[in-house]
Amino acid sequence: MPGLHRYRAYLSYWLNAIDEHSLHAPFLFQFVTEVLRERHVPDAEVEQLRARLLRDDSEIDIRDLGSGASNYPTVRRVSAIARRSLSPPRLSSLYQRIISHYGCHTIVELGTSLGVNTLYLARAAGTNVYTFEGAPSLAALARKHFAEARQENIRVIEGDIDITLPEFVAQGVKVDWALIDANHTEAATLRYFNLLLKILHDTSILVIDDIHQSPAMESAWRQVQGHERVRATADLYRCGIAFFSPLLNKQHVVLRM
């Protein structure tokens, strides 16, 4: 019962979430006060695109390789995809602030979808974004949106992420910030995590979307938290953020967003 799980997960989050006044670790205190609590500033041009997509009832053929593949038809309306898959503006804006605050330059996004979140990532100064999408029709639409936005620092890597991500990792490109927002299953999430570990460094930041979507995703998140290279994590309910610096004391917090 996904609905019941979501209710219980949010109740647990709400009961356990803390604010900056309960934090003792300087790094996490700074993260909350200087990044998380900063005012959300939506990107007007990107939000116009979002609004347009939410009204777009045209249909596309889509091959969904993610966890919802068996639950959605092959032909889907763009507006339905937008409602289901787009990160909310507040979350995309937060990702952009994190990238800017910590000076992240090389960005990886697993799960392009329609490209709205990708544009937020790419509009942080000095970034190069590698975004991975398994569905050819979605990749084509995203490329169109990036061209319309004149955003030239985005490379769309199309194809099954289980094939394209290992190929990318083999190139040895060091990544400063990564987002896992593709196949929302425990096995796939952990597979992507372990691959990304090969190209993440001590000051990299990893974000995992929908960590409370299902018991399996919560299990994946706990395993990420327990990994020896992960030094601190922040649970924001909609996503989890992992930090890797060996200078940090091991700490896991649930934060009010």
# chains A, B, ... in the order shown; residues from 1 in each chain; ligands from 1
$ residues_around --residues "Gly134 of chain A" --least-positions-apart "4" --cutoff "7 Å" --atoms "only C-alpha atoms" --output "PyMOL selection string"
chain A and resi 65+158-161
$ write_last_selection --atoms "N, CA and C atoms" --output "compact mmCIF listing (two decimals), in the first residue's frame"
# COMPACT_ATOMS: atom_id res chain seq x y z
N LEU A 65 12.30 2.81 -18.48
CA LEU A 65 13.15 1.78 -17.91
C LEU A 65 13.16 1.79 -16.39
N GLU A 158 22.16 9.44 -23.75
CA GLU A 158 20.93 8.68 -23.98
C GLU A 158 21.19 7.19 -23.99
N GLY A 159 20.26 6.42 -23.39
CA GLY A 159 20.37 4.97 -23.41
C GLY A 159 20.20 4.39 -22.02
N ASP A 160 20.16 3.08 -21.94
CA ASP A 160 20.00 2.37 -20.68
C ASP A 160 21.13 2.77 -19.72
N ILE A 161 20.78 3.34 -18.58
CA ILE A 161 21.79 3.83 -17.64
C ILE A 161 22.68 2.69 -17.14
$ select_by_dssp --residues "segment 193-249 of chain A" --states "strand (DSSP E)" --output "list in words"
Leu200, His201, Asp202, Thr203, Ser204, Ile205, Leu206, Val207, Ile208, Asp209, Ala232, Thr233, Ala234, Asp235, Cys239, Gly240, Ile241, Ala242 and Phe243 of chain A
$ closest_residue --among "A:Pro166, A:His227, A:Leu4, A:His24" --to "Val253 of chain A" --atoms "only C-alpha atoms"
A:His24
$ residues_around --residues "Ile60 of chain A" --least-positions-apart "5" --cutoff "12 Å" --atoms "only C-alpha atoms" --output "short mmCIF file (atom, residue, chain, number, x, y, z; two decimals) with C-alpha atoms, in the first residue's frame"
data_model
loop_
_atom_site.label_atom_id
_atom_site.label_comp_id
_atom_site.auth_asym_id
_atom_site.auth_seq_id
_atom_site.Cartn_x
_atom_site.Cartn_y
_atom_site.Cartn_z
CA PRO A 73 1.23 2.97 -20.85
CA THR A 74 3.67 3.24 -23.74
CA VAL A 75 1.87 6.33 -25.09
CA ARG A 76 1.64 9.10 -22.51
CA ARG A 77 0.73 12.75 -22.43
CA VAL A 78 3.53 15.21 -21.80
CA SER A 79 1.43 16.89 -19.11
CA ALA A 80 1.08 13.58 -17.24
CA ILE A 81 4.84 13.01 -17.39
CA LEU A 114 11.81 16.67 -19.56
CA ALA A 135 13.82 6.98 -22.93
CA PRO A 136 14.74 8.30 -26.42
CA SER A 137 11.57 10.39 -26.72
CA LEU A 138 12.25 12.14 -23.42
CA ALA A 139 15.89 12.71 -24.32
CA ALA A 140 14.78 14.31 -27.60
CA LEU A 141 12.32 16.62 -25.84
#
$ residues_around --residues "segment 26-32 of chain A" --least-positions-apart "2" --cutoff "12 Å" --atoms "only C-alpha atoms" --output "PyMOL selection string"
chain A and resi 18-24+34-39+94+97-99+101-102+231-236+241-245+247-257
$ write_last_selection --atoms "N, CA and C atoms" --output "compact mmCIF listing (two decimals), in the first residue's frame"
# COMPACT_ATOMS: atom_id res chain seq x y z
N ILE A 18 14.67 18.15 12.70
CA ILE A 18 15.19 19.18 13.59
C ILE A 18 15.55 20.41 12.77
N ASP A 19 15.82 21.53 13.47
CA ASP A 19 16.29 22.72 12.78
C ASP A 19 17.73 23.00 13.19
N GLU A 20 18.26 24.13 12.75
CA GLU A 20 19.68 24.42 12.99
C GLU A 20 20.02 24.57 14.46
N HIS A 21 19.04 24.90 15.30
CA HIS A 21 19.32 25.11 16.72
C HIS A 21 19.66 23.81 17.44
N SER A 22 19.33 22.69 16.84
CA SER A 22 19.63 21.40 17.44
C SER A 22 20.90 20.76 16.89
N LEU A 23 21.57 21.47 15.99
CA LEU A 23 22.77 20.93 15.35
C LEU A 23 24.02 21.36 16.09
N HIS A 24 24.93 20.42 16.28
CA HIS A 24 26.20 20.73 16.94
C HIS A 24 27.37 20.68 15.96
N GLU A 34 23.20 28.56 5.72
CA GLU A 34 23.69 29.29 4.55
C GLU A 34 23.16 28.75 3.23
N VAL A 35 22.60 27.54 3.25
CA VAL A 35 22.12 26.95 2.00
C VAL A 35 20.63 26.59 2.10
N LEU A 36 20.31 25.70 3.04
CA LEU A 36 18.94 25.20 3.13
C LEU A 36 17.94 26.31 3.44
N ARG A 37 18.31 27.24 4.32
CA ARG A 37 17.38 28.29 4.73
C ARG A 37 17.41 29.52 3.83
N GLU A 38 18.30 29.54 2.86
CA GLU A 38 18.34 30.67 1.94
C GLU A 38 17.04 30.75 1.15
N ARG A 39 16.65 31.95 0.78
CA ARG A 39 15.38 32.17 0.11
C ARG A 39 15.33 31.46 -1.24
N LEU A 94 16.98 24.49 -4.55
CA LEU A 94 17.92 24.06 -3.52
C LEU A 94 19.14 23.40 -4.13
N ARG A 97 21.42 26.00 -5.38
CA ARG A 97 22.13 26.71 -4.31
C ARG A 97 23.27 25.86 -3.74
N ILE A 98 23.03 24.56 -3.59
CA ILE A 98 24.09 23.68 -3.09
C ILE A 98 25.28 23.71 -4.04
N ILE A 99 25.02 23.56 -5.33
CA ILE A 99 26.08 23.56 -6.34
C ILE A 99 26.86 24.86 -6.30
N HIS A 101 27.02 27.14 -3.76
CA HIS A 101 27.67 27.39 -2.47
C HIS A 101 28.97 26.62 -2.33
N TYR A 102 28.97 25.37 -2.78
CA TYR A 102 30.16 24.53 -2.60
C TYR A 102 31.06 24.51 -3.84
N ARG A 231 30.25 10.22 5.22
CA ARG A 231 30.57 10.76 6.54
C ARG A 231 29.37 11.45 7.20
N ALA A 232 28.52 12.07 6.42
CA ALA A 232 27.35 12.76 6.99
C ALA A 232 26.23 12.72 5.97
N THR A 233 25.00 12.64 6.47
CA THR A 233 23.84 12.67 5.57
C THR A 233 22.76 13.57 6.15
N ALA A 234 21.96 14.11 5.24
CA ALA A 234 20.81 14.93 5.63
C ALA A 234 19.57 14.38 4.93
N ASP A 235 18.56 14.03 5.71
CA ASP A 235 17.29 13.53 5.21
C ASP A 235 16.32 14.71 5.13
N LEU A 236 15.92 15.10 3.92
CA LEU A 236 14.98 16.20 3.73
C LEU A 236 13.60 15.68 3.34
N ILE A 241 20.78 13.66 1.18
CA ILE A 241 22.03 14.26 0.72
C ILE A 241 23.18 13.63 1.49
N ALA A 242 24.21 13.17 0.77
CA ALA A 242 25.36 12.52 1.39
C ALA A 242 26.62 13.33 1.14
N PHE A 243 27.43 13.45 2.21
CA PHE A 243 28.71 14.16 2.15
C PHE A 243 29.82 13.17 2.47
N PHE A 244 31.01 13.38 1.88
CA PHE A 244 32.05 12.37 1.92
C PHE A 244 33.35 12.82 2.59
N SER A 245 33.45 14.05 3.02
CA SER A 245 34.72 14.54 3.55
C SER A 245 35.14 13.75 4.78
N LEU A 247 37.02 14.66 6.97
CA LEU A 247 37.17 15.60 8.08
C LEU A 247 35.91 15.69 8.93
N LEU A 248 34.80 15.17 8.41
CA LEU A 248 33.52 15.25 9.12
C LEU A 248 33.38 14.08 10.09
N ASN A 249 32.78 14.37 11.24
CA ASN A 249 32.39 13.29 12.14
C ASN A 249 31.16 12.59 11.56
N LYS A 250 31.09 11.29 11.75
CA LYS A 250 29.95 10.52 11.24
C LYS A 250 28.67 11.03 11.89
N GLN A 251 27.74 11.52 11.08
CA GLN A 251 26.48 12.04 11.62
C GLN A 251 25.40 11.98 10.57
N HIS A 252 24.19 11.56 10.99
CA HIS A 252 23.04 11.50 10.11
C HIS A 252 21.90 12.30 10.76
N VAL A 253 21.36 13.26 10.03
CA VAL A 253 20.33 14.13 10.60
C VAL A 253 19.11 14.18 9.70
N VAL A 254 17.97 14.43 10.32
CA VAL A 254 16.71 14.65 9.61
C VAL A 254 16.41 16.13 9.76
N LEU A 255 16.32 16.85 8.63
CA LEU A 255 16.22 18.30 8.65
C LEU A 255 14.89 18.79 8.11
N ARG A 256 14.34 19.81 8.76
CA ARG A 256 13.16 20.46 8.23
C ARG A 256 13.56 21.26 7.01
N MET A 257 12.77 21.11 5.96
CA MET A 257 13.10 21.82 4.71
C MET A 257 12.32 23.13 4.63
